[in-house]
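Student: My structure is stored as run.cif, with mmCIF, C-alpha atoms and all ligand atoms.
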```cif
data_upload
loop_
_atom_site.label_atom_id
_atom_site.label_comp_id
_atom_site.auth_asym_id
_atom_site.auth_seq_id
_atom_site.Cartn_x
_atom_site.Cartn_y
_atom_site.Cartn_z
CA MET A 1288 0.00 0.00 0.00
CA HIS A 1289 2.96 2.24 0.70
CA GLU A 1290 3.73 2.22 -3.06
CA LEU A 1291 0.46 4.02 -3.74
CA THR A 1292 1.85 7.16 -2.12
CA GLN A 1293 5.03 7.13 -4.27
CA PRO A 1294 5.20 9.07 -7.58
CA GLU A 1295 4.85 6.01 -9.80
CA GLY A 1296 2.05 4.62 -7.64
CA ARG A 1297 0.26 7.92 -8.02
CA GLU A 1298 0.89 7.98 -11.75
CA ASP A 1299 -0.85 4.64 -12.23
CA PRO A 1300 -2.35 3.13 -9.08
CA TYR A 1301 -4.46 0.59 -10.95
CA PRO A 1302 -1.98 -2.33 -11.13
CA ARG A 1303 -1.43 -2.01 -7.36
CA PHE A 1304 -5.16 -1.79 -6.74
CA ASP A 1305 -5.55 -4.91 -8.82
CA ALA A 1306 -2.91 -6.79 -6.83
CA LEU A 1307 -4.51 -5.74 -3.53
CA ARG A 1308 -8.00 -6.69 -4.70
CA ARG A 1309 -6.75 -10.14 -5.74
CA THR A 1310 -4.48 -10.93 -2.80
CA ALA A 1311 -5.72 -8.86 0.17
CA PRO A 1312 -9.16 -7.37 -0.54
CA VAL A 1313 -9.81 -6.68 3.15
CA VAL A 1314 -6.61 -5.78 4.93
CA LEU A 1315 -5.53 -4.03 8.10
CA ALA A 1316 -3.17 -1.16 7.20
CA GLU A 1317 -0.20 -0.11 9.35
CA ASP A 1318 -2.21 2.80 10.77
CA GLY A 1319 -4.91 0.39 11.97
CA ALA A 1320 -7.51 1.21 9.30
CA LEU A 1321 -9.32 -1.60 7.51
CA VAL A 1322 -8.76 -1.12 3.78
CA LEU A 1323 -11.24 -2.49 1.21
CA THR A 1324 -10.75 -2.76 -2.54
CA ARG A 1325 -13.60 -4.94 -3.90
CA TYR A 1326 -16.77 -3.42 -5.33
CA ALA A 1327 -19.19 -5.50 -3.27
CA GLU A 1328 -17.50 -4.75 0.03
CA CYS A 1329 -16.99 -1.03 -0.64
CA HIS A 1330 -20.63 -0.80 -1.71
CA ALA A 1331 -21.72 -2.56 1.49
CA VAL A 1332 -19.58 -0.25 3.67
CA LEU A 1333 -21.08 2.88 2.09
CA HIS A 1334 -24.61 1.57 2.80
CA ASP A 1335 -23.93 0.29 6.34
CA HIS A 1336 -25.70 2.39 8.99
CA SER A 1337 -23.40 1.16 11.75
CA LEU A 1338 -20.58 3.05 9.99
CA GLY A 1339 -20.37 6.83 9.68
CA ARG A 1340 -18.33 9.94 10.37
CA PRO A 1341 -15.97 10.27 13.35
CA ASP A 1342 -16.83 12.36 16.39
CA ASN A 1343 -15.23 15.77 15.69
CA GLU A 1344 -14.51 16.52 19.33
CA GLU A 1345 -12.47 13.35 19.84
CA PHE A 1346 -10.84 13.54 16.42
CA PHE A 1347 -9.55 17.12 16.71
CA THR A 1348 -8.62 16.89 20.37
CA ALA A 1349 -6.42 13.91 19.47
CA LEU A 1350 -4.71 16.13 16.86
CA GLY A 1351 -4.16 18.87 19.48
CA LEU A 1352 -6.86 21.05 17.91
CA GLY A 1353 -9.37 21.19 20.75
CA ASN A 1354 -10.12 24.77 19.61
CA TRP A 1355 -11.45 23.58 16.19
CA LYS A 1356 -14.75 25.39 16.68
CA ASP A 1357 -12.85 28.72 16.65
CA LEU A 1358 -11.07 27.86 13.39
CA PRO A 1359 -13.39 28.77 10.47
CA ALA A 1360 -11.78 26.30 8.05
CA LEU A 1361 -12.32 23.33 10.34
CA TRP A 1362 -15.60 24.51 11.72
CA THR A 1363 -17.11 25.00 8.26
CA LEU A 1364 -15.99 21.59 6.99
CA ASN A 1365 -17.07 19.80 10.12
CA SER A 1366 -20.42 21.45 10.58
CA SER A 1367 -21.29 20.58 6.95
CA MET A 1368 -23.50 17.61 6.17
CA LEU A 1369 -20.61 15.90 4.36
CA LEU A 1370 -19.10 15.11 7.75
CA ALA A 1371 -22.34 14.72 9.74
CA ASN A 1372 -24.15 11.59 10.91
CA PRO A 1373 -27.92 11.17 11.24
CA PRO A 1374 -30.07 12.79 12.51
CA ARG A 1375 -28.18 16.05 11.78
CA HIS A 1376 -27.21 14.78 8.32
CA THR A 1377 -30.78 13.69 7.52
CA ARG A 1378 -32.19 17.13 8.30
CA LEU A 1379 -29.56 19.11 6.34
CA ARG A 1380 -29.73 16.76 3.33
CA ARG A 1381 -33.54 17.04 3.29
CA LEU A 1382 -33.41 20.86 3.40
CA VAL A 1383 -31.00 21.08 0.44
CA SER A 1384 -32.12 18.20 -1.77
CA ARG A 1385 -35.67 19.42 -2.09
CA SER A 1386 -34.30 22.54 -3.88
CA PHE A 1387 -31.16 21.12 -5.52
CA THR A 1388 -33.24 18.90 -7.80
CA ALA A 1389 -32.63 17.20 -11.15
CA ARG A 1390 -35.00 19.80 -12.63
CA ARG A 1391 -32.88 22.67 -11.35
CA VAL A 1392 -29.78 21.03 -12.84
CA GLN A 1393 -31.50 20.53 -16.22
CA ALA A 1394 -32.57 24.17 -16.16
CA LEU A 1395 -28.87 25.10 -16.04
CA LYS A 1396 -28.12 23.22 -19.26
CA GLU A 1397 -28.13 26.23 -21.58
CA SER A 1398 -26.05 28.42 -19.33
CA VAL A 1399 -23.52 25.62 -18.73
CA ALA A 1400 -23.30 25.07 -22.51
CA ALA A 1401 -22.66 28.80 -23.00
CA LEU A 1402 -19.95 28.79 -20.32
CA VAL A 1403 -18.37 25.72 -21.94
CA ASP A 1404 -18.40 27.27 -25.42
CA ASP A 1405 -16.72 30.39 -24.10
CA LEU A 1406 -13.96 28.42 -22.38
CA VAL A 1407 -13.52 26.06 -25.35
CA GLU A 1408 -13.03 29.14 -27.55
CA GLY A 1409 -10.32 30.29 -25.13
CA LEU A 1410 -8.34 27.20 -26.18
CA ALA A 1411 -8.33 28.23 -29.87
CA ASP A 1412 -4.53 28.65 -29.66
CA GLY A 1413 -4.03 25.70 -27.30
CA GLY A 1414 -2.68 26.24 -23.81
CA ASP A 1415 -3.32 24.63 -20.44
CA PHE A 1416 -6.66 22.76 -20.44
CA VAL A 1417 -6.77 22.77 -16.63
CA GLU A 1418 -6.12 26.48 -16.25
CA LYS A 1419 -8.32 27.53 -19.16
CA LEU A 1420 -11.28 25.18 -18.79
CA ALA A 1421 -11.22 22.56 -16.04
CA PHE A 1422 -10.54 25.00 -13.18
CA PRO A 1423 -12.83 27.87 -14.18
CA LEU A 1424 -15.83 25.82 -15.39
CA PRO A 1425 -16.97 24.14 -12.12
CA VAL A 1426 -16.65 27.35 -10.09
CA ALA A 1427 -18.60 29.30 -12.71
CA VAL A 1428 -21.29 26.59 -12.78
CA ILE A 1429 -21.70 26.46 -8.98
CA GLY A 1430 -21.75 30.27 -8.99
CA GLU A 1431 -24.55 30.16 -11.57
CA LEU A 1432 -26.44 27.52 -9.56
CA LEU A 1433 -26.25 29.45 -6.30
CA GLY A 1434 -26.72 32.89 -7.82
CA VAL A 1435 -23.27 34.37 -7.17
CA PRO A 1436 -22.95 37.43 -9.47
CA GLU A 1437 -20.72 36.66 -12.46
CA ALA A 1438 -18.09 39.29 -11.65
CA ASP A 1439 -17.48 37.77 -8.20
CA ARG A 1440 -17.06 34.14 -9.33
CA PRO A 1441 -13.35 34.11 -10.27
CA GLY A 1442 -12.50 35.20 -6.70
CA PHE A 1443 -13.87 31.90 -5.41
CA GLN A 1444 -11.22 29.82 -7.17
CA PRO A 1445 -8.22 30.72 -4.96
CA LEU A 1446 -10.35 30.91 -1.80
CA VAL A 1447 -11.85 27.45 -2.21
CA ARG A 1448 -8.45 25.98 -3.08
CA ASP A 1449 -6.73 27.52 -0.06
CA TRP A 1450 -9.53 26.36 2.20
CA THR A 1451 -9.69 22.76 0.98
CA ARG A 1452 -5.93 22.26 0.67
CA ILE A 1453 -5.95 21.13 4.33
CA LEU A 1454 -7.67 17.95 3.17
CA ASP A 1455 -4.34 17.02 1.54
CA VAL A 1456 -1.70 18.95 3.46
CA PHE A 1457 -2.36 19.42 7.13
CA ASP A 1458 0.29 21.71 8.61
CA LEU A 1459 0.09 24.99 10.50
CA ASP A 1460 0.83 27.18 7.45
CA ALA A 1461 -1.83 25.44 5.38
CA LEU A 1462 -4.28 25.73 8.27
CA ALA A 1463 -3.61 29.48 8.69
CA LEU A 1464 -4.21 30.04 4.96
CA ALA A 1465 -7.33 27.88 5.07
CA ASN A 1466 -8.74 29.87 8.00
CA GLU A 1467 -8.19 33.15 6.19
CA ALA A 1468 -9.88 31.79 3.07
CA ALA A 1469 -12.82 30.31 5.00
CA THR A 1470 -13.30 33.62 6.84
CA SER A 1471 -13.51 35.53 3.53
CA LEU A 1472 -15.83 32.93 2.00
CA ARG A 1473 -18.18 32.98 4.97
CA ALA A 1474 -18.27 36.79 5.01
CA TYR A 1475 -19.09 36.97 1.28
CA LEU A 1476 -21.70 34.20 1.39
CA GLY A 1477 -23.25 35.65 4.57
CA ASP A 1478 -23.84 38.98 2.81
CA LEU A 1479 -25.32 37.15 -0.19
CA VAL A 1480 -27.67 35.15 2.06
CA ASP A 1481 -28.85 38.43 3.66
CA GLU A 1482 -29.49 39.93 0.22
CA ARG A 1483 -31.41 36.88 -1.00
CA ARG A 1484 -33.55 36.81 2.14
CA ARG A 1485 -34.48 40.45 1.49
CA ALA A 1486 -35.04 40.01 -2.25
CA PRO A 1487 -35.17 36.37 -3.40
CA GLN A 1488 -34.07 35.58 -6.96
CA ASP A 1489 -34.48 32.50 -9.13
CA ASP A 1490 -31.43 30.72 -7.70
CA LEU A 1491 -30.60 27.89 -5.30
CA LEU A 1492 -29.41 30.13 -2.47
CA SER A 1493 -32.73 32.03 -2.45
CA ALA A 1494 -34.63 28.73 -2.42
CA LEU A 1495 -32.54 27.42 0.48
CA VAL A 1496 -33.30 30.41 2.71
CA THR A 1497 -36.81 31.43 1.67
CA GLU A 1498 -38.80 28.40 0.50
CA PRO A 1499 -39.98 26.25 3.39
CA GLY A 1500 -41.02 22.69 2.54
CA GLY A 1501 -43.91 20.73 4.04
CA ASP A 1502 -42.06 20.80 7.36
CA GLY A 1503 -42.15 24.63 7.38
CA GLU A 1504 -38.37 24.76 7.83
CA VAL A 1505 -35.54 26.49 5.94
CA LEU A 1506 -31.79 26.56 6.59
CA ASP A 1507 -30.80 29.29 9.04
CA ARG A 1508 -28.23 31.92 8.01
CA GLU A 1509 -25.11 30.09 9.21
CA GLU A 1510 -26.35 26.73 7.89
CA ALA A 1511 -26.99 28.28 4.47
CA VAL A 1512 -23.49 29.81 4.43
CA THR A 1513 -21.96 26.43 5.33
CA MET A 1514 -24.08 24.62 2.71
CA ALA A 1515 -23.07 27.09 -0.03
CA ALA A 1516 -19.41 26.78 0.98
CA LEU A 1517 -19.75 22.97 0.94
CA LEU A 1518 -21.17 23.03 -2.60
CA PHE A 1519 -18.19 25.09 -3.75
CA SER A 1520 -15.68 22.84 -2.04
CA ALA A 1521 -17.25 19.47 -2.91
CA GLY A 1522 -18.07 20.41 -6.48
CA PHE A 1523 -14.95 22.26 -7.55
CA GLU A 1524 -11.76 20.20 -7.80
CA THR A 1525 -13.70 16.93 -7.99
CA THR A 1526 -15.18 18.12 -11.29
CA THR A 1527 -11.98 19.84 -12.46
CA HIS A 1528 -10.07 16.57 -12.13
CA LEU A 1529 -12.83 14.47 -13.65
CA LEU A 1530 -12.62 16.70 -16.73
CA GLY A 1531 -8.81 16.41 -16.83
CA ASN A 1532 -8.72 12.65 -16.24
CA GLY A 1533 -11.54 12.19 -18.75
CA LEU A 1534 -9.74 14.19 -21.42
CA VAL A 1535 -6.49 12.24 -20.96
CA ALA A 1536 -8.38 8.92 -21.09
CA LEU A 1537 -10.03 9.95 -24.37
CA LEU A 1538 -6.78 11.21 -25.92
CA GLU A 1539 -5.18 7.87 -25.06
CA HIS A 1540 -8.08 6.09 -26.81
CA PRO A 1541 -8.71 7.96 -30.10
CA ASP A 1542 -11.46 5.53 -31.20
CA GLN A 1543 -13.40 6.30 -28.02
CA ALA A 1544 -12.73 10.04 -28.42
CA ALA A 1545 -14.16 9.85 -31.95
CA LEU A 1546 -17.34 8.23 -30.61
CA VAL A 1547 -17.74 10.95 -27.96
CA ARG A 1548 -17.16 13.64 -30.59
CA ASP A 1549 -19.42 12.25 -33.31
CA ASP A 1550 -22.20 10.24 -31.68
CA PRO A 1551 -24.58 12.16 -29.39
CA ALA A 1552 -26.17 8.83 -28.41
CA VAL A 1553 -23.11 7.81 -26.36
CA VAL A 1554 -22.83 11.01 -24.34
CA ALA A 1555 -24.59 9.69 -21.22
CA THR A 1556 -22.80 6.33 -21.04
CA ALA A 1557 -19.51 8.04 -21.92
CA ALA A 1558 -19.74 10.39 -18.93
CA GLU A 1559 -20.47 7.47 -16.59
CA GLU A 1560 -17.60 5.45 -18.07
CA LEU A 1561 -15.12 8.31 -17.64
CA VAL A 1562 -16.27 8.70 -14.03
CA ARG A 1563 -15.61 4.97 -13.53
CA TYR A 1564 -12.41 4.60 -15.52
CA ASP A 1565 -10.31 7.20 -13.72
CA SER A 1566 -12.27 8.79 -10.89
CA SER A 1567 -11.22 12.12 -9.43
CA VAL A 1568 -12.22 10.83 -5.97
CA GLN A 1569 -10.33 7.63 -5.22
CA ILE A 1570 -10.82 7.11 -1.51
CA THR A 1571 -13.49 7.57 1.12
CA ASN A 1572 -13.40 6.88 4.85
CA ARG A 1573 -15.80 5.76 7.53
CA VAL A 1574 -15.55 4.91 11.24
CA ALA A 1575 -17.48 2.25 13.11
CA LEU A 1576 -20.19 3.95 15.20
CA ALA A 1577 -20.63 0.76 17.27
CA ASP A 1578 -18.96 -2.64 17.53
CA THR A 1579 -19.83 -4.49 14.35
CA GLU A 1580 -18.50 -6.79 11.60
CA VAL A 1581 -17.38 -5.72 8.13
CA ALA A 1582 -16.65 -8.25 5.38
CA GLY A 1583 -16.39 -10.94 8.03
CA VAL A 1584 -13.88 -8.97 10.13
CA PRO A 1585 -14.86 -7.83 13.65
CA VAL A 1586 -14.63 -4.04 13.96
CA ALA A 1587 -14.76 -2.07 17.23
CA ALA A 1588 -16.52 1.28 17.70
CA GLY A 1589 -14.13 4.03 16.55
CA ASP A 1590 -12.15 1.81 14.14
CA ARG A 1591 -11.46 3.40 10.75
CA LEU A 1592 -12.36 1.92 7.36
CA VAL A 1593 -11.01 3.05 4.01
CA CYS A 1594 -12.72 2.26 0.70
CA TYR A 1595 -10.53 2.46 -2.39
CA LEU A 1596 -13.22 3.57 -4.83
CA GLY A 1597 -10.80 3.52 -7.76
CA ALA A 1598 -10.05 -0.15 -7.05
CA ALA A 1599 -13.74 -1.05 -6.70
CA ASN A 1600 -14.40 0.65 -10.06
CA ARG A 1601 -12.00 -1.79 -11.76
CA ASP A 1602 -13.37 -4.92 -10.06
CA PRO A 1603 -13.86 -7.66 -12.70
CA ASP A 1604 -16.64 -9.17 -10.57
CA LYS A 1605 -18.66 -6.04 -11.30
CA PHE A 1606 -17.38 -4.67 -14.62
CA THR A 1607 -16.55 -6.72 -17.73
CA ASP A 1608 -12.93 -6.27 -18.79
CA PRO A 1609 -12.63 -3.37 -16.33
CA ASP A 1610 -9.31 -1.94 -17.54
CA ARG A 1611 -10.80 -1.26 -20.96
CA LEU A 1612 -12.27 2.19 -21.64
CA ASP A 1613 -15.61 1.63 -23.36
CA VAL A 1614 -17.78 4.72 -23.66
CA THR A 1615 -20.78 2.59 -24.63
CA ARG A 1616 -20.52 0.47 -21.46
CA ASN A 1617 -23.80 0.30 -19.54
CA GLU A 1618 -23.17 -1.78 -16.44
CA GLY A 1619 -24.46 0.36 -13.64
CA GLY A 1620 -23.05 2.74 -11.16
CA PRO A 1621 -19.38 3.15 -10.41
CA LEU A 1622 -18.61 4.11 -6.80
CA SER A 1623 -16.92 7.40 -7.74
CA PHE A 1624 -19.86 9.38 -6.33
CA GLY A 1625 -19.93 7.28 -3.15
CA GLY A 1626 -23.13 5.60 -2.02
CA GLY A 1627 -25.69 5.43 0.77
CA ILE A 1628 -26.75 8.52 2.68
CA HIS A 1629 -23.74 10.61 1.57
CA TYR A 1630 -24.15 9.77 -2.14
CA CYS A 1631 -22.88 12.80 -4.03
CA LEU A 1632 -25.53 15.49 -4.11
CA GLY A 1633 -23.89 17.11 -7.13
CA ALA A 1634 -23.60 13.98 -9.29
CA PRO A 1635 -26.22 15.15 -11.85
CA LEU A 1636 -24.44 18.50 -12.15
CA ALA A 1637 -21.00 16.89 -12.54
CA ARG A 1638 -22.41 14.57 -15.24
CA LEU A 1639 -23.97 17.53 -17.05
CA GLU A 1640 -20.64 19.37 -17.09
CA VAL A 1641 -18.77 16.37 -18.52
CA GLN A 1642 -21.52 15.63 -21.05
CA LEU A 1643 -21.35 19.18 -22.34
CA ALA A 1644 -17.65 20.00 -22.00
CA LEU A 1645 -15.81 17.03 -23.52
CA PRO A 1646 -17.92 16.47 -26.68
CA ARG A 1647 -17.98 20.23 -27.40
CA LEU A 1648 -14.24 20.53 -26.85
CA LEU A 1649 -13.48 17.61 -29.19
CA ALA A 1650 -15.92 18.87 -31.83
CA ARG A 1651 -14.48 22.40 -31.83
CA HIS A 1652 -10.84 21.23 -31.71
CA PRO A 1653 -10.82 17.84 -33.50
CA HIS A 1654 -7.00 17.73 -33.62
CA LEU A 1655 -6.54 18.48 -29.94
CA ARG A 1656 -3.55 16.62 -28.47
CA LEU A 1657 -1.32 16.74 -25.42
CA ASP A 1658 1.56 19.13 -25.95
CA GLY A 1659 4.08 18.98 -23.15
CA THR A 1660 4.33 17.22 -19.83
CA PRO A 1661 1.18 17.09 -17.72
CA GLN A 1662 1.71 17.90 -14.07
CA ARG A 1663 -0.01 15.48 -11.71
CA ARG A 1664 -1.57 16.61 -8.47
CA GLU A 1665 -0.12 15.23 -5.22
CA GLY A 1666 -2.17 13.01 -2.95
CA LEU A 1667 -4.28 10.00 -3.80
CA THR A 1668 -7.70 10.86 -2.37
CA LEU A 1669 -8.26 13.41 -5.10
CA ARG A 1670 -6.67 12.28 -8.36
CA GLY A 1671 -6.03 14.61 -11.28
CA TYR A 1672 -3.78 17.07 -13.04
CA LEU A 1673 -2.65 20.55 -12.07
CA SER A 1674 -1.73 21.28 -15.64
CA LEU A 1675 -2.45 19.64 -19.01
CA PRO A 1676 -0.83 21.53 -21.88
CA VAL A 1677 -2.65 20.92 -25.16
CA ALA A 1678 -2.23 21.95 -28.80
CA VAL A 1679 -5.11 22.13 -31.22
C1 LIG B 1701 -16.78 14.43 -10.62
C2 LIG B 1701 -17.25 15.17 -9.72
C3 LIG B 1701 -17.59 14.71 -8.34
C4 LIG B 1701 -17.19 13.57 -7.68
C5 LIG B 1701 -16.29 12.45 -8.17
C6 LIG B 1701 -17.82 13.63 -6.37
C7 LIG B 1701 -17.69 12.65 -5.41
C8 LIG B 1701 -18.35 12.64 -4.20
C9 LIG B 1701 -18.26 11.58 -3.23
C10 LIG B 1701 -17.42 10.31 -3.36
C11 LIG B 1701 -19.05 11.93 -2.19
C12 LIG B 1701 -19.32 11.08 -0.93
C13 LIG B 1701 -18.24 11.18 0.07
C14 LIG B 1701 -18.41 10.15 1.14
O1 LIG B 1701 -19.43 9.47 1.23
O2 LIG B 1701 -17.48 9.99 1.93
C15 LIG B 1701 -19.62 13.21 -2.49
C16 LIG B 1701 -20.46 13.89 -1.66
C17 LIG B 1701 -20.92 15.13 -1.93
N1 LIG B 1701 -20.77 15.84 -3.12
FE1 LIG B 1701 -19.77 15.26 -4.75
N2 LIG B 1701 -18.55 14.77 -6.27
C18 LIG B 1701 -18.45 15.45 -7.46
C19 LIG B 1701 -19.04 16.64 -7.82
C20 LIG B 1701 -19.87 17.34 -6.99
C21 LIG B 1701 -20.55 18.57 -7.34
C22 LIG B 1701 -20.50 19.25 -8.70
C23 LIG B 1701 -21.21 18.99 -6.20
C24 LIG B 1701 -22.07 20.19 -5.98
C25 LIG B 1701 -22.16 21.24 -6.71
C26 LIG B 1701 -20.99 17.99 -5.17
C27 LIG B 1701 -21.51 18.05 -3.90
C28 LIG B 1701 -21.41 17.05 -2.97
C29 LIG B 1701 -21.99 17.13 -1.65
C30 LIG B 1701 -22.78 18.30 -1.09
C31 LIG B 1701 -21.69 15.93 -1.00
C32 LIG B 1701 -22.08 15.53 0.43
C33 LIG B 1701 -23.37 14.76 0.42
C34 LIG B 1701 -23.77 14.32 1.81
O3 LIG B 1701 -22.95 14.32 2.73
O4 LIG B 1701 -24.94 13.96 1.96
N3 LIG B 1701 -20.17 17.02 -5.67
N4 LIG B 1701 -19.20 13.62 -3.73
#
```
As structure tokens, how would this structure be written, given the file I've shared?
Tutor:
Amino acid sequence: MHELTQPEGREDPYPRFDALRRTAPVVLAEDGALVLTRYAECHAVLHDHSLGRPDNEEFFTALGLGNWKDLPALWTLNSSMLLANPPRHTRLRRLVSRSFTARRVQALKESVAALVDDLVEGLADGGDFVEKLAFPLPVAVIGELLGVPEADRPGFQPLVRDWTRILDVFDLDALALANEAATSLRAYLGDLVDERRRAPQDDLLSALVTEPGGDGEVLDREEAVTMAALLFSAGFETTTHLLGNGLVALLEHPDQAALVRDDPAVVATAAEELVRYDSSVQITNRVALADTEVAGVPVAAGDRLVCYLGAANRDPDKFTDPDRLDVTRNEGGPLSFGGGIHYCLGAPLARLEVQLALPRLLARHPHLRLDGTPQRREGLTLRGYLSLPVAV
């Protein structure tokens, strides 16, 4: 497992995932976590109600950060539903999912297409695909969804990156930067929530704070700020790196790229296949909320479990010839968006972005090719490229 953290392991983790899945599909790592690599077992873990998120108080106190509630970066992440267990999670998820619907995502289609076309045009002389399209697109789309005025959207890019960098690099400098960024984000979003409460618009943020459901409830001001910040953080680099990984996969398989470019009928399966083939999210964690058993192994309350989603997505017991990229494949859900109660809320939006961006890019620049050395991102949880120079 150690190899997975080395440069060549990061470059191509799939042979090591394969070896683990075959020889040690459920294995205790050196740090005491139970690591799972098969589809069936990862799927079961994600749907198991006796597993969940760790208790923040214990977790941060153990790291010497007993003051986490005074640190905006940690407080925002940890008060979000992403890291909550029921019943707090159930309530927050209910209050957002009734407004963040498939219909709202479909209604964004034209504006996402326009954003894509603009960014695709920006690559008319080639350049860095990540800088020119994969970074700006998701932030612009979430800005559009929430109702952040267009002129303010570019400012979110550095703030969200500084804030979420602590998920990869956890040192005091990174934490200080993350706190500064989270403070600015919260201040901006707080003002926007106040404005939308006074004068609601046709956007998700207005719906979250002004449209009570059958239960008569809406998110309060701080909850709405945290939810908006979560959407930016969860939907930004995940989508950026899906676009980058997806583009590289297609350029390595010109026959598949041609299908995506020329055949509108494959767009939906293609997006799902790219999500499976080289997911931007490779790992997710759980802790045991009570003594239990996972994949036949006894687990005590507080024990950690790690699902290698990228390994599960290449499990031959689930996917036929899993190392082959086949944009017409239709074999059901990869685990890239997780599963169970935390199943990715933004999956329809991420799919829409891929379905619009990659076919339009390949159609506008049919001779697009890599031109220079891509720079891979560090860390394994989030997999992708920091730069992908292309020529057209
Ligand atoms: C390719 C793009 C994306 C990938 C691979 C991805 C992946 C994931 C995964 C694996 C989880 C579950 C984490 C866990 O259970 O431990 C998750 C949750 C979540 N995602 Fe995504 N995501 C993507 C895009 C988005 C977008 C565009 C948004 C919103 C605009 C979004 C919002 C969320 C939220 C709010 C959660 C937490 C759900 C909850 O806790 O109930 N994601 N995502």
Student: With distances taken over all atoms listed in the file, which residue among A:Pro1646, A:Pro1487, A:Pro1294, A:Gly1626 lies nearest A:Asn1572?
Tutor: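 With all atoms listed in the file as the atom set, the closest residue is A:Gly1626.
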Student: Give me, as a tab-separated table, each residue of chain A that comes within 8 Å of ligand LIG 1701 (chain B), together with its shortest interatomic pair and the distance in Å at one decimal, counting all atoms listed in the file, with rows ordered by chain and rising residue number.
Tutor:
```
residue	atom	partner	partner_atom	distance
A:Leu1333	CA	B:LIG1701	O1	6.8
A:Ser1367	CA	B:LIG1701	O3	7.7
A:Met1368	CA	B:LIG1701	O3	4.8
A:Leu1369	CA	B:LIG1701	O3	3.3
A:Leu1370	CA	B:LIG1701	O3	6.4
A:Ala1371	CA	B:LIG1701	O3	7.0
A:His1376	CA	B:LIG1701	O4	6.8
A:Arg1380	CA	B:LIG1701	O4	5.7
A:Pro1425	CA	B:LIG1701	C22	6.9
A:Ile1429	CA	B:LIG1701	C25	5.7
A:Met1514	CA	B:LIG1701	C30	7.5
A:Leu1517	CA	B:LIG1701	C30	5.9
A:Leu1518	CA	B:LIG1701	C24	4.5
A:Phe1519	CA	B:LIG1701	C25	6.3
A:Ser1520	CA	B:LIG1701	C27	7.8
A:Ala1521	CA	B:LIG1701	C27	4.6
A:Gly1522	CA	B:LIG1701	C21	3.2
A:Phe1523	CA	B:LIG1701	C22	6.4
A:Glu1524	CA	B:LIG1701	C2	7.7
A:Thr1525	CA	B:LIG1701	C2	4.3
A:Thr1526	CA	B:LIG1701	C2	3.9
A:Thr1527	CA	B:LIG1701	C1	7.5
A:His1528	CA	B:LIG1701	C1	7.2
A:Leu1529	CA	B:LIG1701	C1	5.0
A:Leu1530	CA	B:LIG1701	C1	7.7
A:Val1562	CA	B:LIG1701	C1	6.7
A:Ser1566	CA	B:LIG1701	C5	6.1
A:Ser1567	CA	B:LIG1701	C5	5.2
A:Val1568	CA	B:LIG1701	C5	4.9
A:Gln1569	CA	B:LIG1701	C10	7.8
A:Ile1570	CA	B:LIG1701	C10	7.6
A:Thr1571	CA	B:LIG1701	O2	4.7
A:Asn1572	CA	B:LIG1701	O2	5.9
A:Arg1573	CA	B:LIG1701	O2	7.2
A:Leu1622	CA	B:LIG1701	C10	7.2
A:Ser1623	CA	B:LIG1701	C5	5.1
A:Phe1624	CA	B:LIG1701	C10	4.0
A:Gly1625	CA	B:LIG1701	C10	3.9
A:Gly1626	CA	B:LIG1701	O1	6.3
A:Gly1627	CA	B:LIG1701	O1	7.5
A:Ile1628	CA	B:LIG1701	O4	5.8
A:His1629	CA	B:LIG1701	O4	3.6
A:Tyr1630	CA	B:LIG1701	C12	5.1
A:Cys1631	CA	B:LIG1701	C16	3.6
A:Leu1632	CA	B:LIG1701	C28	4.6
A:Gly1633	CA	B:LIG1701	C23	3.4
A:Ala1634	CA	B:LIG1701	C19	5.5
A:Pro1635	CA	B:LIG1701	C22	7.7
A:Leu1636	CA	B:LIG1701	C22	5.3
A:Ala1637	CA	B:LIG1701	C22	4.5
A:Arg1638	CA	B:LIG1701	C1	7.3
```
Student: Point out the residue among A:Arg1651, A:Arg1325, A:Arg1508, A:Lys1396 with the least atom-to-atom distance to A:Phe1606, counting all atoms listed in the file.
Tutor: A:Arg1325
Student: Expressed in Å to a single decimal, how great is the separation between atom CA of A:Glu1482 and atom CA of A:Asn1466?
Tutor: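 Separation of atom CA of A:Glu1482 and atom CA of A:Asn1466: 24.3 Å.
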Student: Here is a test: counting all atoms listed in the file, which residue of A:Val1584, A:Ala1544, A:Leu1479, A:Val1332 is nearest to A:Ser1493?
Tutor: A:Leu1479
